[in-house]
$ cat start_21.tsv   # TSV, C-alpha atoms and all ligand atoms
chain	number	residue	atom	x	y	z
I	330	MET	CA	-26.56	-11.81	-11.60
I	331	GLY	CA	-26.44	-14.55	-14.27
I	332	ASP	CA	-24.13	-12.52	-16.51
I	333	LEU	CA	-22.08	-11.20	-13.66
I	334	LYS	CA	-21.60	-14.64	-12.19
I	335	GLY	CA	-20.33	-15.76	-15.59
I	336	LEU	CA	-17.86	-12.87	-15.66
I	337	ILE	CA	-16.67	-13.57	-12.13
I	338	ASP	CA	-16.23	-17.26	-12.96
I	339	LYS	CA	-14.22	-16.33	-16.03
I	340	LEU	CA	-12.05	-13.99	-13.99
I	341	TYR	CA	-11.60	-16.69	-11.35
I	342	ARG	CA	-10.63	-19.34	-13.90
I	343	SER	CA	-8.45	-17.34	-16.26
I	344	ASN	CA	-7.22	-14.47	-14.03
I	345	ARG	CA	-8.12	-11.98	-16.70
I	346	LEU	CA	-10.98	-9.97	-18.16
I	347	ASN	CA	-10.81	-7.40	-20.93
I	348	GLU	CA	-11.60	-3.72	-20.39
I	349	ASP	CA	-15.23	-4.01	-21.45
I	350	GLU	CA	-15.79	-6.98	-19.18
I	351	LEU	CA	-14.20	-5.25	-16.19
I	352	LEU	CA	-16.37	-2.21	-16.80
I	353	GLU	CA	-19.48	-4.36	-17.07
I	354	LEU	CA	-18.56	-6.05	-13.81
I	355	LEU	CA	-18.05	-2.76	-11.97
I	356	ASP	CA	-21.09	-1.04	-13.48
I	357	ASN	CA	-23.45	-3.84	-12.51
I	358	MET	CA	-22.04	-5.00	-9.19
I	359	ASN	CA	-24.72	-5.58	-6.54
I	360	GLU	CA	-24.85	-7.12	-3.06
I	361	GLU	CA	-25.33	-10.63	-4.36
I	362	SER	CA	-22.59	-10.56	-6.99
I	363	ARG	CA	-20.21	-8.85	-4.58
I	364	LYS	CA	-20.72	-11.72	-2.14
I	365	TYR	CA	-19.99	-14.21	-4.88
I	366	LEU	CA	-16.88	-12.27	-5.92
I	367	MET	CA	-15.62	-12.16	-2.30
I	368	GLY	CA	-16.03	-15.93	-2.06
I	369	LYS	CA	-13.96	-16.49	-5.18
I	370	ALA	CA	-11.29	-14.06	-4.00
I	371	HIS	CA	-11.13	-15.81	-0.63
I	372	GLU	CA	-10.83	-19.21	-2.30
I	373	THR	CA	-7.98	-17.90	-4.43
I	374	ARG	CA	-6.06	-16.45	-1.51
I	375	VAL	CA	-6.46	-19.72	0.43
I	376	LYS	CA	-5.15	-21.68	-2.54
I	377	HIS	CA	-1.96	-19.60	-2.70
I	378	TYR	CA	-1.43	-18.38	0.85
I	379	GLY	CA	-3.69	-20.44	3.09
I	380	THR	CA	-5.18	-18.28	5.82
I	381	ARG	CA	-1.85	-16.59	6.60
I	382	VAL	CA	-1.75	-12.82	7.06
I	383	TYR	CA	1.69	-11.22	6.94
I	384	LEU	CA	2.52	-8.46	9.40
I	385	ARG	CA	4.90	-5.63	8.50
I	386	GLY	CA	6.10	-2.98	10.93
I	387	LEU	CA	5.60	0.53	9.58
I	388	VAL	CA	7.99	3.33	10.55
I	389	GLU	CA	6.81	6.76	9.39
I	390	PHE	CA	10.10	8.58	9.67
I	391	THR	CA	9.40	12.01	8.20
I	392	ASN	CA	6.32	14.02	7.33
I	393	TYR	CA	8.22	16.72	5.45
I	394	CYS	CA	7.32	16.55	1.78
I	395	ARG	CA	8.34	18.62	-1.22
I	396	ARG	CA	5.30	17.45	-3.19
I	397	ASP	CA	1.85	18.98	-3.17
I	398	CYS	CA	-0.60	16.15	-3.93
I	399	ILE	CA	-3.94	17.82	-3.41
I	400	TYR	CA	-5.48	15.00	-1.36
I	401	CYS	CA	-2.63	14.56	1.09
I	402	GLY	CA	-2.42	16.04	4.58
I	403	ILE	CA	1.37	16.34	4.52
I	404	ARG	CA	1.49	18.25	1.21
I	405	ALA	CA	4.02	21.06	1.15
I	406	SER	CA	1.30	23.75	1.09
I	407	ASN	CA	-0.19	22.60	4.37
I	408	ARG	CA	1.42	25.20	6.64
I	409	ASN	CA	-0.51	23.85	9.60
I	410	ALA	CA	1.11	20.43	9.56
I	411	GLU	CA	3.47	20.01	12.47
I	412	ARG	CA	6.56	18.63	10.79
I	413	TYR	CA	8.96	16.07	12.26
I	414	ARG	CA	11.91	13.94	11.30
I	415	LEU	CA	13.23	10.87	13.08
I	416	SER	CA	16.96	10.52	13.63
I	417	VAL	CA	18.79	7.39	12.53
I	418	GLN	CA	18.87	6.47	16.20
I	419	GLN	CA	15.10	6.85	16.58
I	420	ILE	CA	14.48	4.77	13.46
I	421	LEU	CA	16.74	2.02	14.80
I	422	LEU	CA	14.97	2.10	18.16
I	423	ALA	CA	11.62	1.66	16.43
I	424	CYS	CA	13.01	-1.32	14.49
I	425	GLU	CA	14.48	-2.79	17.65
I	426	GLU	CA	11.10	-2.61	19.36
I	427	GLY	CA	9.57	-4.11	16.23
I	428	TYR	CA	12.08	-6.93	16.18
I	429	ARG	CA	11.32	-7.71	19.83
I	430	LEU	CA	7.64	-7.90	18.95
I	431	GLY	CA	8.43	-10.37	16.20
I	432	TYR	CA	8.38	-8.26	13.02
I	433	ARG	CA	10.72	-9.37	10.24
I	434	THR	CA	9.83	-6.66	7.73
I	435	PHE	CA	10.31	-2.96	8.34
I	436	VAL	CA	8.58	-0.51	6.06
I	437	LEU	CA	10.30	2.87	6.09
I	438	GLN	CA	7.82	5.42	4.84
I	439	GLY	CA	8.08	9.17	4.53
I	440	GLY	CA	7.32	12.22	2.46
I	441	GLU	CA	9.77	13.26	-0.24
I	442	ASP	CA	12.18	14.92	2.16
I	443	GLY	CA	15.51	16.18	0.82
I	444	PHE	CA	16.95	16.15	4.32
I	445	TYR	CA	17.43	12.40	3.89
I	446	THR	CA	20.05	12.38	1.18
I	447	ASP	CA	20.95	9.14	-0.60
I	448	GLU	CA	23.88	8.81	1.80
I	449	LYS	CA	21.58	9.07	4.79
I	450	ILE	CA	19.08	6.57	3.39
I	451	ILE	CA	21.93	4.17	2.66
I	452	GLU	CA	23.26	4.59	6.19
I	453	ILE	CA	19.81	3.76	7.59
I	454	ILE	CA	19.45	0.68	5.36
I	455	LYS	CA	22.93	-0.59	6.25
I	456	GLU	CA	22.46	-0.07	9.99
I	457	ILE	CA	19.14	-1.93	9.98
I	458	LYS	CA	20.59	-4.78	7.92
I	459	LYS	CA	23.64	-4.98	10.20
I	460	ARG	CA	21.52	-5.31	13.32
I	461	PHE	CA	18.70	-7.35	11.87
I	462	PRO	CA	20.13	-9.37	8.98
I	463	SER	CA	17.11	-11.67	8.90
I	464	CYS	CA	14.72	-8.81	8.22
I	465	ALA	CA	13.45	-7.37	4.96
I	466	ILE	CA	13.46	-3.63	4.37
I	467	THR	CA	10.73	-1.95	2.36
I	468	LEU	CA	11.23	1.64	1.29
I	469	SER	CA	8.35	3.99	0.57
I	470	ILE	CA	9.94	7.37	-0.05
I	471	GLY	CA	8.64	8.45	-3.41
I	472	GLU	CA	10.11	9.28	-6.79
I	473	LYS	CA	13.88	9.06	-7.23
I	474	SER	CA	16.31	8.54	-10.07
I	475	PHE	CA	17.27	5.08	-11.34
I	476	GLU	CA	20.70	5.62	-9.80
I	477	SER	CA	19.30	6.39	-6.34
I	478	TYR	CA	16.99	3.37	-6.43
I	479	LYS	CA	19.91	1.22	-7.48
I	480	LYS	CA	22.10	2.50	-4.64
I	481	TYR	CA	19.44	1.74	-2.03
I	482	TYR	CA	19.00	-1.73	-3.51
I	483	ASP	CA	22.73	-2.39	-3.44
I	484	ALA	CA	22.80	-1.19	0.18
I	485	GLY	CA	20.27	-3.90	1.07
I	486	ALA	CA	16.75	-2.59	0.51
I	487	ASP	CA	14.51	-5.47	-0.59
I	488	ARG	CA	11.20	-3.93	-1.54
I	489	TYR	CA	9.75	-0.60	-2.64
I	490	LEU	CA	6.23	0.76	-2.37
I	491	LEU	CA	5.23	3.48	-4.80
I	492	ARG	CA	1.54	3.68	-5.46
I	493	HIS	CA	0.75	4.83	-8.95
I	494	GLU	CA	-2.19	6.62	-7.19
I	495	THR	CA	-4.37	6.42	-10.30
I	496	ALA	CA	-3.62	5.03	-13.75
I	497	SER	CA	-5.83	7.63	-15.37
I	498	ARG	CA	-3.53	10.32	-16.72
I	499	ARG	CA	-6.30	12.93	-16.65
I	500	LEU	CA	-7.12	12.26	-13.01
I	501	TYR	CA	-3.45	11.93	-12.06
I	502	ASP	CA	-2.61	15.31	-13.55
I	503	SER	CA	-5.52	17.00	-11.78
I	504	LEU	CA	-4.38	15.68	-8.39
I	505	HIS	CA	-0.63	16.18	-8.68
I	506	PRO	CA	0.37	19.74	-9.56
I	507	GLY	CA	3.93	19.93	-10.81
I	508	MET	CA	4.30	16.18	-11.09
I	509	SER	CA	4.55	13.90	-14.08
I	510	PHE	CA	2.51	10.77	-14.69
I	511	ASP	CA	5.22	9.50	-17.02
I	512	ASN	CA	7.89	9.90	-14.37
I	513	ARG	CA	5.77	7.99	-11.86
I	514	MET	CA	5.51	5.13	-14.35
I	515	ARG	CA	9.22	5.38	-15.15
I	516	CYS	CA	9.97	4.99	-11.43
I	517	LEU	CA	7.84	1.85	-11.15
I	518	TRP	CA	9.43	0.19	-14.17
I	519	ASP	CA	12.93	1.16	-12.95
I	520	LEU	CA	12.27	-0.40	-9.54
I	521	LYS	CA	11.23	-3.62	-11.21
I	522	LYS	CA	14.22	-3.63	-13.52
I	523	ILE	CA	16.58	-3.22	-10.55
I	524	GLY	CA	15.16	-6.28	-8.84
I	525	TYR	CA	13.01	-4.93	-6.03
I	526	GLN	CA	9.79	-6.56	-4.96
I	527	VAL	CA	7.61	-3.68	-6.07
I	528	GLY	CA	4.31	-2.41	-4.73
I	529	ALA	CA	2.02	-0.23	-6.84
I	530	GLY	CA	-1.50	0.82	-5.88
I	531	PHE	CA	-4.21	3.42	-5.99
I	532	MET	CA	-6.87	5.27	-4.05
I	533	VAL	CA	-10.57	4.49	-4.26
I	534	GLY	CA	-13.34	7.08	-4.25
I	535	LEU	CA	-11.38	10.15	-5.28
I	536	PRO	CA	-13.53	13.07	-6.43
I	537	LYS	CA	-14.49	12.53	-10.08
I	538	GLN	CA	-13.04	9.01	-10.18
I	539	THR	CA	-15.20	6.72	-12.34
I	540	ASN	CA	-15.46	3.00	-13.03
I	541	ARG	CA	-13.55	3.63	-16.24
I	542	ASP	CA	-10.69	4.99	-14.15
I	543	TYR	CA	-10.69	1.81	-12.02
I	544	VAL	CA	-10.60	-0.25	-15.20
I	545	GLU	CA	-7.44	1.65	-16.15
I	546	ASP	CA	-5.97	0.86	-12.72
I	547	LEU	CA	-6.81	-2.82	-13.06
I	548	CYS	CA	-5.41	-3.07	-16.59
I	549	PHE	CA	-2.25	-1.27	-15.56
I	550	LEU	CA	-1.77	-3.68	-12.63
I	551	LYS	CA	-2.31	-6.68	-14.89
I	552	GLU	CA	0.32	-5.35	-17.27
I	553	PHE	CA	2.82	-4.24	-14.64
I	554	GLN	CA	2.55	-7.40	-12.52
I	555	PRO	CA	3.58	-5.86	-9.20
I	556	HIS	CA	4.52	-8.08	-6.27
I	557	MET	CA	2.33	-6.00	-3.96
I	558	VAL	CA	-0.70	-3.75	-4.43
I	559	GLY	CA	-1.72	-1.16	-1.84
I	560	ILE	CA	-5.21	0.19	-2.26
I	561	GLY	CA	-7.32	2.17	0.17
I	562	PRO	CA	-10.23	4.57	0.23
I	563	PHE	CA	-9.60	8.27	-0.30
I	564	ILE	CA	-10.32	10.09	2.98
I	565	PRO	CA	-10.48	13.89	3.01
I	566	HIS	CA	-8.02	15.83	5.14
I	567	LYS	CA	-9.29	19.13	6.50
I	568	GLU	CA	-6.25	21.17	5.52
I	569	THR	CA	-6.37	20.22	1.84
I	570	PRO	CA	-8.38	21.48	-1.16
I	571	LEU	CA	-10.40	18.26	-0.99
I	572	ALA	CA	-11.53	18.84	2.61
I	573	LYS	CA	-15.22	18.99	1.68
I	574	GLU	CA	-15.27	16.03	-0.68
I	575	SER	CA	-16.71	12.66	0.27
I	576	ARG	CA	-14.62	9.65	1.14
I	577	GLY	CA	-14.32	6.37	-0.69
I	578	THR	CA	-16.57	3.51	0.42
I	579	VAL	CA	-15.82	0.16	2.01
I	580	GLU	CA	-17.92	-1.59	-0.65
I	581	MET	CA	-15.96	-0.19	-3.58
I	582	THR	CA	-12.62	-0.80	-1.85
I	583	VAL	CA	-13.34	-4.44	-1.02
I	584	THR	CA	-14.79	-5.04	-4.49
I	585	LEU	CA	-11.55	-3.80	-6.04
I	586	LEU	CA	-9.43	-5.80	-3.56
I	587	ALA	CA	-11.30	-8.95	-4.57
I	588	ILE	CA	-10.92	-8.25	-8.30
I	589	ILE	CA	-7.18	-7.66	-7.81
I	590	ARG	CA	-6.85	-10.96	-5.92
I	591	LEU	CA	-8.39	-12.69	-8.94
I	592	LEU	CA	-6.37	-10.77	-11.54
I	593	LEU	CA	-3.09	-11.32	-9.66
I	594	PRO	CA	-3.65	-14.47	-7.56
I	595	GLU	CA	-0.22	-14.43	-5.91
I	596	VAL	CA	0.03	-10.73	-5.14
I	597	LEU	CA	0.66	-9.41	-1.62
I	598	LEU	CA	-2.38	-7.32	-0.83
I	599	PRO	CA	-2.62	-5.23	2.34
I	600	ALA	CA	-5.81	-4.46	4.20
I	601	THR	CA	-4.83	-0.84	4.71
I	602	THR	CA	-5.05	1.52	7.65
I	603	ALA	CA	-7.27	3.81	5.55
I	604	LEU	CA	-9.76	0.95	5.17
I	605	GLY	CA	-9.65	0.46	8.95
I	606	THR	CA	-10.28	4.17	9.36
I	607	ILE	CA	-13.53	4.42	7.38
I	608	ASP	CA	-15.01	1.34	9.05
I	609	PRO	CA	-14.11	-0.18	12.44
I	610	MET	CA	-14.19	-3.61	10.74
I	611	GLY	CA	-12.69	-2.37	7.49
I	612	ARG	CA	-9.43	-4.29	7.66
I	613	GLU	CA	-11.26	-7.50	8.56
I	614	LYS	CA	-13.56	-6.98	5.57
I	615	GLY	CA	-10.46	-6.47	3.44
I	616	LEU	CA	-8.96	-9.74	4.66
I	617	LYS	CA	-12.16	-11.56	3.74
I	618	ALA	CA	-12.00	-10.02	0.27
I	619	GLY	CA	-8.57	-11.51	-0.46
I	620	ALA	CA	-6.15	-9.19	1.35
I	621	ASN	CA	-3.26	-11.00	3.07
I	622	VAL	CA	-1.04	-8.32	4.64
I	623	VAL	CA	-1.43	-5.75	7.41
I	624	MET	CA	1.03	-3.05	8.36
I	625	PRO	CA	0.75	-2.08	12.03
I	626	ASN	CA	2.46	1.09	13.16
I	627	LEU	CA	5.88	1.09	14.82
I	628	SER	CA	6.43	4.85	14.75
I	629	PRO	CA	7.15	6.49	18.12
I	630	LEU	CA	3.91	7.53	19.82
I	631	GLU	CA	4.88	11.24	19.82
I	632	VAL	CA	4.83	11.45	16.02
I	633	ARG	CA	1.88	9.19	15.17
I	634	GLU	CA	-0.72	11.94	14.96
I	635	LYS	CA	1.59	14.08	12.89
I	636	TYR	CA	1.85	11.58	10.06
I	637	ALA	CA	-1.68	12.51	9.06
I	638	LEU	CA	-2.25	11.87	5.36
I	639	TYR	CA	-6.01	11.97	6.04
I	640	ASP	CA	-8.31	12.73	8.98
I	641	GLY	CA	-9.27	10.28	11.70
I	642	LYS	CA	-6.48	7.74	11.13
I	643	VAL	CA	-6.69	4.72	13.44
I	644	CYS	CA	-3.84	3.34	15.55
I	645	THR	CA	-2.39	6.74	16.42
I	646	GLY	CA	-2.85	6.33	20.18
I	647	GLU	CA	-1.47	2.82	20.61
I	648	GLU	CA	2.05	1.75	21.49
I	649	ALA	CA	3.67	-0.66	19.04
I	650	ALA	CA	2.98	-3.57	21.38
I	651	GLU	CA	-0.69	-2.65	21.78
I	652	CYS	CA	-1.14	-2.24	18.05
I	653	ARG	CA	0.50	-5.62	17.50
I	654	GLN	CA	-1.84	-7.25	20.03
I	655	CYS	CA	-4.87	-5.50	18.62
I	656	ILE	CA	-4.18	-6.46	15.05
I	657	ASP	CA	-3.30	-10.00	16.05
I	658	SER	CA	-6.63	-10.57	17.72
I	659	ARG	CA	-8.47	-8.95	14.84
I	660	ILE	CA	-6.79	-11.32	12.38
I	661	VAL	CA	-7.58	-14.36	14.52
I	662	TYR	CA	-11.13	-13.23	15.16
I	663	ALA	CA	-11.66	-12.84	11.42
I	664	GLY	CA	-10.56	-16.46	10.95
I	665	PHE	CA	-6.98	-15.96	9.78
I	666	VAL	CA	-3.50	-16.74	11.14
I	667	PRO	CA	-0.92	-14.00	11.77
I	668	ASP	CA	2.42	-14.77	10.11
I	669	MET	CA	5.49	-12.90	11.35
I	670	SER	CA	7.96	-14.28	8.80
I	671	ARG	CA	9.58	-12.07	6.15
I	672	GLY	CA	6.76	-12.99	3.82
I	673	ASP	CA	8.53	-12.45	0.51
I	674	SER	CA	6.45	-12.42	-2.63
I	675	ILE	CA	6.05	-15.95	-3.96
I	676	LEU	CA	6.32	-14.51	-7.47
I	677	TRP	CA	9.71	-13.08	-6.62
I	678	GLU	CA	11.01	-16.16	-4.78
I	679	ARG	CA	10.37	-18.31	-7.84
I	680	LYS	CA	12.30	-15.93	-10.06
I	701	LIG	N1	-6.73	9.48	1.78
I	701	LIG	C1	-6.36	8.21	1.57
I	701	LIG	N2	-5.11	7.84	1.23
I	701	LIG	C2	-4.19	8.83	1.09
I	701	LIG	N3	-2.89	8.78	0.76
I	701	LIG	C3	-2.41	10.03	0.77
I	701	LIG	N4	-3.38	10.90	1.12
I	701	LIG	C4	-4.50	10.17	1.31
I	701	LIG	C5	-5.85	10.49	1.65
I	701	LIG	N5	-6.23	11.76	1.87
I	701	LIG	C6	-2.22	7.55	0.35
I	701	LIG	C7	-1.55	7.69	-1.01
I	701	LIG	C8	-0.08	7.43	-0.68
I	701	LIG	C9	-0.17	6.60	0.57
I	701	LIG	C10	1.07	6.60	1.40
I	701	LIG	O1	-1.22	7.20	1.28
I	701	LIG	O2	-2.05	6.70	-1.88
I	701	LIG	O3	0.61	6.76	-1.71
I	702	LIG	FE1	-3.34	-0.65	15.69
I	702	LIG	FE2	-5.69	-1.80	16.49
I	702	LIG	S1	-4.41	-2.32	14.87
I	702	LIG	S2	-4.48	-0.28	17.46
$ encode --input "start_21.tsv" --output "structure tokens"
Amino acid sequence: MGDLKGLIDKLYRSNRLNEDELLELLDNMNEESRKYLMGKAHETRVKHYGTRVYLRGLVEFTNYCRRDCIYCGIRASNRNAERYRLSVQQILLACEEGYRLGYRTFVLQGGEDGFYTDEKIIEIIKEIKKRFPSCAITLSIGEKSFESYKKYYDAGADRYLLRHETASRRLYDSLHPGMSFDNRMRCLWDLKKIGYQVGAGFMVGLPKQTNRDYVEDLCFLKEFQPHMVGIGPFIPHKETPLAKESRGTVEMTVTLLAIIRLLLPEVLLPATTALGTIDPMGREKGLKAGANVVMPNLSPLEVREKYALYDGKVCTGEEAAECRQCIDSRIVYAGFVPDMSRGDSILWERK
């Protein structure tokens, strides 16, 4: 613990560790050092954000996807997925309900679905901005060209989530047939260049993922300096090639959340639905490890179960209002304060 405590203190003080130090930290982490790390991560979040937890309303508007990521339940090859698309009207209704419940950020997430052309995406962005000018729009619709990203930004989109999924090229290639690691990275840098608040992120506990791979993720994040980082445990989906693999653990996920809080003290860090799925108290544990965002579901009840990236997803049976209530009391019970403001990145506001 002596050595590890020294490393954690160094990370806490300087917000950096080199590759060897990160690997040493991950390789030797135990209950005691994890507790110490969590404490430091919590202290850091309180220093920058107090005990506030930002709420974002998530609208999962299409589960059609042209990609075939081998871990994902909505991959193109999954012929058993029941596909759906929301109309512009349905998306606006979901936002309206969200607005009534107090949300001031809408996250529009979907598979890579060619049905929503740039024109359609722009129409959706403009309609939302027209009706709810005080709200931020976050897009999470995958890899596009610089020009498309720029058009969405000019139409009013504020933020973009595109997890890098894993910064290890070897692992990335094995999980993403027909996709390019370099293009993924190109997309992330383009989004930043355009002026978005950008979210990167990765999965934890993928088959064959090692501590060295996490070190690559952490070093990439330190270099890229995203405004947001979404990380969650890998959870197998029964209709994918990884159906029989084991899921990521809460311990590893919260350890990485805490390290990210220390590497990027001002980052927006969600306690993800996947973390809430592998452990009934997962999101609360995430919040105590430095996470400061949650993204309750605003999608219409009829489609919730269909947006199944992994098995057993929580929050699929609750109306938006119930989910809002539920998450609110969880945040309060865990000792934090729900914050319904836009919650822009402090890094970005200072720009
Ligand atoms: N388990 C956990 N997370 C997953 N995602 C996709 N499939 C799974 C899975 N089986 C994550 C990816 C994607 C995000 C929207 O959901 O990281 O970027
Ligand atoms: Fe969605 Fe509990 S947070 S139902």
$ closest_atom_pairs --input "start_21.tsv" --of "chain I" --to "ligand LIG 702 (chain I)" --cutoff "6 Å" --atoms "all atoms listed in the file" --output "CSV"
residue,atom,partner,partner_atom,distance
I:Pro625,CA,I:LIG702,FE1,5.7
I:Cys644,CA,I:LIG702,FE1,4.0
I:Glu647,CA,I:LIG702,S2,5.3
I:Cys652,CA,I:LIG702,FE1,3.6
I:Cys655,CA,I:LIG702,FE2,4.3
I:Ile656,CA,I:LIG702,S1,4.2
$ residues_around --input "start_21.tsv" --residues "stretch 566-583 of chain I" --least-positions-apart "3" --cutoff "6 Å" --atoms "all atoms listed in the file" --output "number ranges by chain"
I: 400, 402, 533-534, 562-563, 586, 615, 618, 639-640
$ write_last_selection --input "start_21.tsv" --atoms "C-alpha atoms" --output "PDB file, in the coordinates of the input"
ATOM      1  CA  TYR I 400      -5.480  15.000  -1.360  1.00  0.00           C
ATOM      2  CA  GLY I 402      -2.420  16.040   4.580  1.00  0.00           C
ATOM      3  CA  VAL I 533     -10.570   4.490  -4.260  1.00  0.00           C
ATOM      4  CA  GLY I 534     -13.340   7.080  -4.250  1.00  0.00           C
ATOM      5  CA  PRO I 562     -10.230   4.570   0.230  1.00  0.00           C
ATOM      6  CA  PHE I 563      -9.600   8.270  -0.300  1.00  0.00           C
ATOM      7  CA  LEU I 586      -9.430  -5.800  -3.560  1.00  0.00           C
ATOM      8  CA  GLY I 615     -10.460  -6.470   3.440  1.00  0.00           C
ATOM      9  CA  ALA I 618     -12.000 -10.020   0.270  1.00  0.00           C
ATOM     10  CA  TYR I 639      -6.010  11.970   6.040  1.00  0.00           C
ATOM     11  CA  ASP I 640      -8.310  12.730   8.980  1.00  0.00           C
TER      12      ASP I 640
END
$ residues_near_ligand --input "start_21.tsv" --ligand "ligand LIG 701 (chain I)" --cutoff "10 Å" --atoms "all atoms listed in the file" --output "MDAnalysis selection string"
chainID I and resid 389 398:404 438:440 469:471 490:495 529:535 559:567 569 571:572 576:577 601:604 606:607 637:640 642
$ atom_distance --input "start_21.tsv" --atom1 "atom CA of I:Ser628" --atom2 "atom CA of I:Val388"
4.7 Å
$ atom_distance --input "start_21.tsv" --atom1 "atom CA of I:Ser674" --atom2 "atom CA of I:Cys548"
20.6 Å
$ decode --input "start_21.tsv" --residues "stretch 469-475 of chain I" --atoms "all heavy atoms" --output "mmCIF file, in the first residue's frame"
data_model
loop_
_atom_site.group_PDB
_atom_site.id
_atom_site.type_symbol
_atom_site.label_atom_id
_atom_site.label_comp_id
_atom_site.auth_asym_id
_atom_site.auth_seq_id
_atom_site.Cartn_x
_atom_site.Cartn_y
_atom_site.Cartn_z
ATOM 1 N N SER I 469 -25.239 11.697 -30.323
ATOM 2 C CA SER I 469 -24.443 10.482 -30.157
ATOM 3 C C SER I 469 -24.883 9.524 -31.257
ATOM 4 O O SER I 469 -25.680 8.616 -31.043
ATOM 5 C CB SER I 469 -24.686 9.899 -28.759
ATOM 6 O OG SER I 469 -23.950 8.717 -28.565
ATOM 7 N N ILE I 470 -24.403 9.816 -32.468
ATOM 8 C CA ILE I 470 -24.887 9.089 -33.648
ATOM 9 C C ILE I 470 -23.734 8.581 -34.518
ATOM 10 O O ILE I 470 -23.905 8.345 -35.709
ATOM 11 C CB ILE I 470 -25.863 9.968 -34.477
ATOM 12 C CG1 ILE I 470 -25.227 11.315 -34.849
ATOM 13 C CG2 ILE I 470 -27.150 10.206 -33.688
ATOM 14 C CD1 ILE I 470 -26.109 12.190 -35.757
ATOM 15 N N GLY I 471 -22.582 8.431 -33.904
ATOM 16 C CA GLY I 471 -21.513 7.706 -34.572
ATOM 17 C C GLY I 471 -20.590 8.506 -35.464
ATOM 18 O O GLY I 471 -20.473 9.724 -35.332
ATOM 19 N N GLU I 472 -19.954 7.771 -36.379
ATOM 20 C CA GLU I 472 -18.909 8.348 -37.222
ATOM 21 C C GLU I 472 -19.502 9.027 -38.446
ATOM 22 O O GLU I 472 -20.293 8.425 -39.167
ATOM 23 C CB GLU I 472 -17.937 7.242 -37.664
ATOM 24 C CG GLU I 472 -17.191 6.616 -36.502
ATOM 25 C CD GLU I 472 -16.228 5.516 -36.936
ATOM 26 O OE1 GLU I 472 -15.776 5.511 -38.102
ATOM 27 O OE2 GLU I 472 -15.940 4.643 -36.089
ATOM 28 N N LYS I 473 -19.120 10.283 -38.657
ATOM 29 C CA LYS I 473 -19.589 11.061 -39.810
ATOM 30 C C LYS I 473 -18.396 11.817 -40.377
ATOM 31 O O LYS I 473 -17.326 11.845 -39.770
ATOM 32 C CB LYS I 473 -20.655 12.074 -39.375
ATOM 33 C CG LYS I 473 -21.812 11.505 -38.569
ATOM 34 C CD LYS I 473 -22.911 10.969 -39.455
ATOM 35 C CE LYS I 473 -24.021 10.344 -38.604
ATOM 36 N NZ LYS I 473 -25.078 9.762 -39.417
ATOM 37 N N SER I 474 -18.626 12.490 -41.492
ATOM 38 C CA SER I 474 -17.552 13.304 -42.072
ATOM 39 C C SER I 474 -17.429 14.619 -41.302
ATOM 40 O O SER I 474 -18.357 15.026 -40.591
ATOM 41 C CB SER I 474 -17.879 13.613 -43.536
ATOM 42 O OG SER I 474 -19.033 14.431 -43.589
ATOM 43 N N PHE I 475 -16.290 15.281 -41.485
ATOM 44 C CA PHE I 475 -16.089 16.609 -40.888
ATOM 45 C C PHE I 475 -17.243 17.527 -41.287
ATOM 46 O O PHE I 475 -17.807 18.241 -40.444
ATOM 47 C CB PHE I 475 -14.749 17.201 -41.382
ATOM 48 C CG PHE I 475 -14.446 18.564 -40.812
ATOM 49 C CD1 PHE I 475 -13.667 18.689 -39.671
ATOM 50 C CD2 PHE I 475 -14.932 19.716 -41.417
ATOM 51 C CE1 PHE I 475 -13.384 19.945 -39.131
ATOM 52 C CE2 PHE I 475 -14.657 20.976 -40.891
ATOM 53 C CZ PHE I 475 -13.886 21.085 -39.743
#
